[in-house]
$ cat run-v7.txt   # compact mmCIF, C-alpha atoms and all ligand atoms
# COMPACT_ATOMS: atom_id res chain seq x y z
CA ALA A 678 0.00 0.00 0.00
CA VAL A 679 1.20 3.49 -0.84
CA PHE A 680 0.48 6.37 1.53
CA PRO A 681 0.87 10.11 1.05
CA ASP A 682 3.29 10.22 3.98
CA ASN A 683 4.82 7.87 6.49
CA GLN A 684 2.56 9.00 9.35
CA ALA A 685 -0.48 7.58 7.58
CA ALA A 686 1.40 4.33 6.89
CA VAL A 687 2.60 4.08 10.46
CA ARG A 688 -0.95 4.41 11.84
CA HIS A 689 -2.00 1.32 9.86
CA VAL A 690 0.94 -0.72 11.11
CA ALA A 691 0.40 0.45 14.69
CA ASP A 692 -3.29 -0.50 14.43
CA ALA A 693 -2.35 -4.07 13.42
CA ILE A 694 0.13 -4.33 16.28
CA GLU A 695 -2.37 -2.88 18.77
CA THR A 696 -5.08 -5.34 17.66
CA LEU A 697 -2.70 -8.29 18.07
CA VAL A 698 -1.40 -7.14 21.45
CA ARG A 699 -4.88 -6.48 22.85
CA GLU A 700 -6.32 -9.79 21.53
CA ARG A 701 -3.49 -11.80 23.01
CA ALA A 702 -3.62 -9.96 26.34
CA ALA A 703 -7.37 -10.68 26.54
CA ALA A 704 -6.61 -14.37 25.93
CA GLY A 705 -3.79 -14.37 28.47
CA GLN A 706 -1.22 -15.12 25.77
CA PRO A 707 1.91 -13.30 24.65
CA ALA A 708 2.19 -11.43 21.35
CA VAL A 709 5.51 -11.94 19.58
CA LEU A 710 6.92 -9.03 17.59
CA GLY A 711 9.94 -9.09 15.30
CA LEU A 712 11.56 -5.65 15.37
CA ALA A 713 13.90 -3.71 13.11
CA THR A 714 16.33 -0.84 13.52
CA GLY A 715 17.38 2.00 11.23
CA SER A 716 15.56 5.29 10.73
CA THR A 717 12.57 3.67 9.00
CA PRO A 718 10.74 2.20 12.03
CA VAL A 719 11.37 5.23 14.29
CA PRO A 720 8.01 6.91 13.50
CA LEU A 721 6.28 3.58 14.21
CA TYR A 722 8.03 3.29 17.57
CA ARG A 723 7.00 6.88 18.42
CA GLU A 724 3.40 5.98 17.63
CA LEU A 725 3.54 2.83 19.80
CA ILE A 726 5.01 4.86 22.68
CA ARG A 727 2.25 7.45 22.23
CA ARG A 728 -0.43 4.73 22.39
CA HIS A 729 1.21 3.29 25.50
CA ARG A 730 1.27 6.68 27.24
CA GLU A 731 -2.01 8.15 26.08
CA GLU A 732 -4.19 5.12 25.40
CA GLY A 733 -2.96 2.62 27.96
CA LEU A 734 -1.68 0.11 25.42
CA SER A 735 0.36 -2.31 27.56
CA PHE A 736 3.36 -4.28 26.34
CA ALA A 737 3.60 -6.34 29.52
CA HIS A 738 2.78 -9.52 27.59
CA VAL A 739 4.77 -8.76 24.46
CA ILE A 740 7.89 -10.72 23.52
CA THR A 741 10.27 -9.13 21.04
CA PHE A 742 13.05 -10.44 18.79
CA ASN A 743 15.24 -7.96 16.96
CA LEU A 744 16.55 -8.80 13.53
CA ASP A 745 20.22 -8.03 13.93
CA GLU A 746 23.21 -6.45 15.63
CA TYR A 747 26.63 -5.32 14.43
CA TYR A 748 29.61 -7.57 15.24
CA PRO A 749 31.81 -6.98 17.03
CA LEU A 750 30.08 -4.24 19.03
CA GLU A 751 29.44 -3.79 22.75
CA PRO A 752 25.78 -3.35 23.73
CA GLN A 753 26.69 -0.01 25.38
CA HIS A 754 28.18 1.41 22.16
CA PRO A 755 26.21 4.49 21.03
CA GLU A 756 25.54 2.92 17.62
CA SER A 757 24.65 -0.58 18.84
CA TYR A 758 21.18 -1.82 18.04
CA HIS A 759 20.84 -2.84 21.70
CA ARG A 760 21.18 0.80 22.65
CA PHE A 761 19.07 2.05 19.73
CA MET A 762 16.16 -0.16 20.75
CA ARG A 763 16.34 0.85 24.39
CA GLU A 764 16.41 4.54 23.51
CA GLN A 765 13.88 4.49 20.69
CA LEU A 766 11.39 2.04 22.20
CA PHE A 767 11.96 -0.27 25.16
CA ASP A 768 12.81 2.37 27.80
CA HIS A 769 9.46 4.03 27.10
CA LEU A 770 7.24 0.93 27.41
CA ASP A 771 6.23 -1.46 30.19
CA ILE A 772 7.89 -4.45 28.54
CA PRO A 773 9.89 -6.62 30.99
CA ALA A 774 13.59 -6.89 30.07
CA ALA A 775 13.41 -10.70 30.10
CA GLN A 776 10.98 -10.58 27.16
CA ILE A 777 13.36 -8.57 24.95
CA HIS A 778 15.78 -10.37 22.61
CA VAL A 779 18.50 -8.72 20.50
CA PRO A 780 21.28 -10.79 18.90
CA PRO A 781 24.55 -10.48 20.87
CA GLY A 782 27.29 -8.38 19.29
CA ASP A 783 29.92 -8.94 21.94
CA LEU A 784 30.52 -12.69 22.10
CA PRO A 785 33.85 -14.37 21.37
CA ARG A 786 33.89 -15.72 17.83
CA ASP A 787 33.76 -19.38 18.92
CA GLU A 788 30.51 -18.82 20.85
CA ILE A 789 28.58 -17.20 18.01
CA HIS A 790 27.34 -20.34 16.31
CA ALA A 791 25.77 -21.69 19.52
CA ALA A 792 24.25 -18.28 20.30
CA CYS A 793 22.66 -18.13 16.82
CA THR A 794 21.19 -21.61 17.27
CA ALA A 795 19.86 -20.55 20.68
CA TYR A 796 18.29 -17.42 19.13
CA GLU A 797 16.40 -19.53 16.59
CA GLN A 798 15.28 -21.86 19.40
CA ALA A 799 14.10 -18.94 21.54
CA ILE A 800 11.91 -17.72 18.66
CA ARG A 801 10.40 -21.20 18.31
CA ASP A 802 9.92 -21.50 22.11
CA ALA A 803 8.01 -18.20 22.10
CA GLY A 804 5.62 -19.68 19.51
CA GLY A 805 7.12 -17.94 16.47
CA VAL A 806 6.92 -14.31 15.37
CA ASP A 807 3.37 -13.00 14.90
CA ILE A 808 4.26 -9.70 13.21
CA GLN A 809 7.69 -8.96 11.74
CA ILE A 810 8.59 -5.32 11.06
CA LEU A 811 11.18 -4.82 8.31
CA GLY A 812 13.04 -1.99 6.66
CA ILE A 813 15.10 -2.47 3.51
CA GLY A 814 18.72 -1.54 2.87
CA ARG A 815 19.90 -0.08 -0.43
CA THR A 816 21.66 -3.40 -1.20
CA GLY A 817 18.26 -5.13 -0.98
CA HIS A 818 19.02 -6.48 2.47
CA ILE A 819 16.42 -7.29 5.10
CA GLY A 820 17.92 -7.48 8.56
CA PHE A 821 21.55 -7.75 7.53
CA ASN A 822 20.91 -10.42 4.90
CA GLU A 823 23.14 -8.98 2.23
CA PRO A 824 23.13 -10.05 -1.44
CA GLY A 825 23.98 -13.76 -1.55
CA SER A 826 21.62 -14.62 1.31
CA GLY A 827 19.31 -17.43 0.30
CA PRO A 828 15.68 -18.05 1.27
CA ALA A 829 16.58 -20.83 3.74
CA SER A 830 19.24 -18.85 5.62
CA VAL A 831 18.99 -18.76 9.43
CA THR A 832 20.47 -16.61 12.22
CA ARG A 833 24.21 -16.33 11.59
CA LEU A 834 27.31 -14.15 11.37
CA VAL A 835 27.48 -12.26 8.05
CA THR A 836 29.93 -9.89 6.35
CA LEU A 837 28.49 -6.44 5.65
CA ASP A 838 28.36 -5.13 2.12
CA ARG A 839 30.47 -2.07 1.20
CA LEU A 840 27.39 0.01 0.42
CA THR A 841 25.84 -0.90 3.79
CA ARG A 842 29.02 0.16 5.61
CA ALA A 843 29.16 3.39 3.57
CA ASP A 844 25.52 4.12 4.48
CA ALA A 845 26.37 3.59 8.18
CA ALA A 846 29.56 5.69 8.03
CA ARG A 847 27.89 8.90 9.13
CA ASP A 848 26.45 7.35 12.29
CA PHE A 849 29.83 5.83 13.19
CA ARG A 850 31.80 8.99 12.25
CA GLY A 851 33.67 7.33 9.43
CA GLU A 852 33.48 4.10 7.44
CA ALA A 853 36.57 2.73 9.18
CA ASN A 854 34.62 2.67 12.46
CA VAL A 855 31.71 0.65 11.04
CA PRO A 856 31.95 -3.01 12.12
CA ARG A 857 32.71 -5.41 9.28
CA TYR A 858 30.25 -8.07 10.40
CA ALA A 859 26.81 -8.51 11.87
CA ILE A 860 24.67 -11.21 13.41
CA THR A 861 21.30 -11.36 11.68
CA MET A 862 18.20 -13.48 11.58
CA GLY A 863 18.20 -15.28 8.22
CA VAL A 864 15.82 -14.77 5.32
CA GLY A 865 14.37 -18.16 6.27
CA THR A 866 13.90 -17.01 9.87
CA ILE A 867 12.06 -13.91 8.65
CA LEU A 868 9.86 -15.91 6.26
CA ARG A 869 8.61 -18.04 9.19
CA ALA A 870 6.84 -15.00 10.71
CA ARG A 871 3.05 -15.21 10.38
CA ARG A 872 2.74 -11.66 9.03
CA ILE A 873 5.46 -9.40 7.64
CA PHE A 874 5.20 -5.62 7.32
CA MET A 875 7.92 -4.05 5.24
CA LEU A 876 8.23 -0.26 5.57
CA ALA A 877 10.18 2.11 3.34
CA TRP A 878 10.23 5.87 2.95
CA GLY A 879 11.93 8.17 0.49
CA ARG A 880 13.30 8.28 -3.03
CA ALA A 881 16.59 6.57 -2.08
CA LYS A 882 14.73 3.26 -1.63
CA ALA A 883 12.70 3.46 -4.88
CA ASP A 884 15.09 1.52 -7.13
CA VAL A 885 15.74 -1.34 -4.73
CA LEU A 886 12.00 -1.61 -3.98
CA ARG A 887 11.27 -1.98 -7.69
CA GLN A 888 13.80 -4.82 -7.87
CA ALA A 889 12.47 -6.47 -4.70
CA ILE A 890 8.80 -6.24 -5.68
CA GLU A 891 8.72 -6.49 -9.47
CA GLU A 892 11.63 -8.76 -10.40
CA PRO A 893 11.80 -12.52 -9.80
CA PRO A 894 13.05 -13.58 -6.34
CA ARG A 895 16.80 -14.05 -6.26
CA ASP A 896 19.82 -13.99 -3.93
CA THR A 897 21.15 -10.69 -5.31
CA VAL A 898 18.14 -8.89 -3.77
CA PRO A 899 17.28 -10.83 -0.59
CA ALA A 900 14.17 -8.71 0.06
CA SER A 901 12.70 -10.20 -3.15
CA TYR A 902 12.12 -13.48 -1.24
CA LEU A 903 9.31 -11.73 0.60
CA GLN A 904 7.30 -12.41 -2.57
CA GLN A 905 7.27 -16.06 -1.46
CA HIS A 906 5.47 -15.19 1.79
CA ASP A 907 1.68 -14.99 1.49
CA ALA A 908 1.11 -12.50 4.32
CA THR A 909 3.64 -9.80 3.51
CA GLU A 910 2.39 -6.23 3.29
CA VAL A 911 4.53 -3.37 2.01
CA PHE A 912 3.95 0.15 3.37
CA LEU A 913 5.48 2.92 1.29
CA ASP A 914 5.31 6.66 1.03
CA ALA A 915 4.89 8.15 -2.44
CA PRO A 916 8.62 8.81 -3.12
CA ALA A 917 9.56 5.20 -2.19
CA ALA A 918 6.87 3.92 -4.59
CA SER A 919 7.92 6.22 -7.42
CA GLU A 920 9.52 3.49 -9.56
CA LEU A 921 6.80 0.86 -9.19
C1 LIG B 1 20.33 -1.28 8.49
C2 LIG B 1 19.46 -2.31 9.22
C3 LIG B 1 18.28 -2.71 8.40
C4 LIG B 1 17.58 -1.47 7.87
C5 LIG B 1 18.54 -0.67 7.00
C6 LIG B 1 17.91 0.57 6.40
O1 LIG B 1 21.16 -1.87 7.58
N1 LIG B 1 20.18 -3.49 9.61
O2 LIG B 1 17.41 -3.50 9.18
O3 LIG B 1 16.45 -1.82 7.15
O4 LIG B 1 19.63 -0.28 7.80
O5 LIG B 1 18.10 1.67 7.26
P1 LIG B 1 17.18 2.93 7.24
O6 LIG B 1 15.87 2.49 7.80
O7 LIG B 1 17.87 3.90 8.16
O8 LIG B 1 17.09 3.39 5.84
$ encode --input "run-v7.txt" --output "structure tokens" --more "lines below"
Ligand code: GLP
Amino acid sequence: AVFPDNQAAVRHVADAIETLVRERAAAGQPAVLGLATGSTPVPLYRELIRRHREEGLSFAHVITFNLDEYYPLEPQHPESYHRFMREQLFDHLDIPAAQIHVPPGDLPRDEIHAACTAYEQAIRDAGGVDIQILGIGRTGHIGFNEPGSGPASVTRLVTLDRLTRADAARDFRGEANVPRYAITMGVGTILRARRIFMLAWGRAKADVLRQAIEEPPRDTVPASYLQQHDATEVFLDAPAASEL
């Protein structure tokens, strides 16, 4: 769906999340959200915080799994996704810390594989992701599934693409400071979510969105595998949709 601006898009996504969270709370069951970082979901997180503060929407029974984290990077680092999520969302909600999951960016190399396996298991133990929020990178990545990531990929350590590191250079005050790796849920992990909402704003995403949405699914544009998921919805503003 294409919206005149991202506020209108965000209200629709927040409505779907609110409906899920309230239904599950009424049934005494948790709602499981898959969350993303980057600038794209920030307006959505502001809207969820607003609904929590002004409308009493409680996140006490919500379980969250974030897509990814840079590696190596300490959780306290100003650019870590751990910190981003606390500042942009978790610190402003009533979600218990034990229900929040973000891939670890600070483990020794030889512990990563086991941690990735445990992350996949934790998602399964929670009952699977009900709603997955996604942005898209200019390389066509979802999470940090860079070109070359296949549809069956799972949570793992990946090497970041040059373009992705260049796009992150400003936040890290120079490309040399951007970590070379990341831990990310796989494309396969993402495709197991019951519903997927991909969000994108602005002209800079228009070309990669055309490739992801209109060209056949392939490893060079990992977001194109979302076409194989029957409950994916794409929320765009007019500039992002300008090449469709
Ligand atoms: C990073 C994140 C992605 C995100 C992308 C786009 O690479 N790992 O999940 O979709 O950036 O960022 P932005 O939303 O700031 O355009």
$ residues_near_ligand --input "run-v7.txt" --ligand "ligand LIG 1 (chain B)" --cutoff "6 Å" --atoms "only C-alpha atoms and all ligand atoms" --output "ChimeraX atom specification"
/A:713-717,812-814,819-821
$ atom_distance --input "run-v7.txt" --atom1 "CA of Thr841 (chain A)" --atom2 "CA of Arg857 (chain A)"
9.9 Å
$ atom_distance --input "run-v7.txt" --atom1 "CA of Asp771 (chain A)" --atom2 "CA of Cys793 (chain A)"
27.0 Å
$ closest_residue --input "run-v7.txt" --among "A:Ala877, A:Val719, A:Val806, A:Ala918" --to "Ile740 (chain A)" --atoms "only C-alpha atoms"
A:Val806
$ atom_distance --input "run-v7.txt" --atom1 "CA of Trp878 (chain A)" --atom2 "CA of Asp682 (chain A)"
8.3 Å
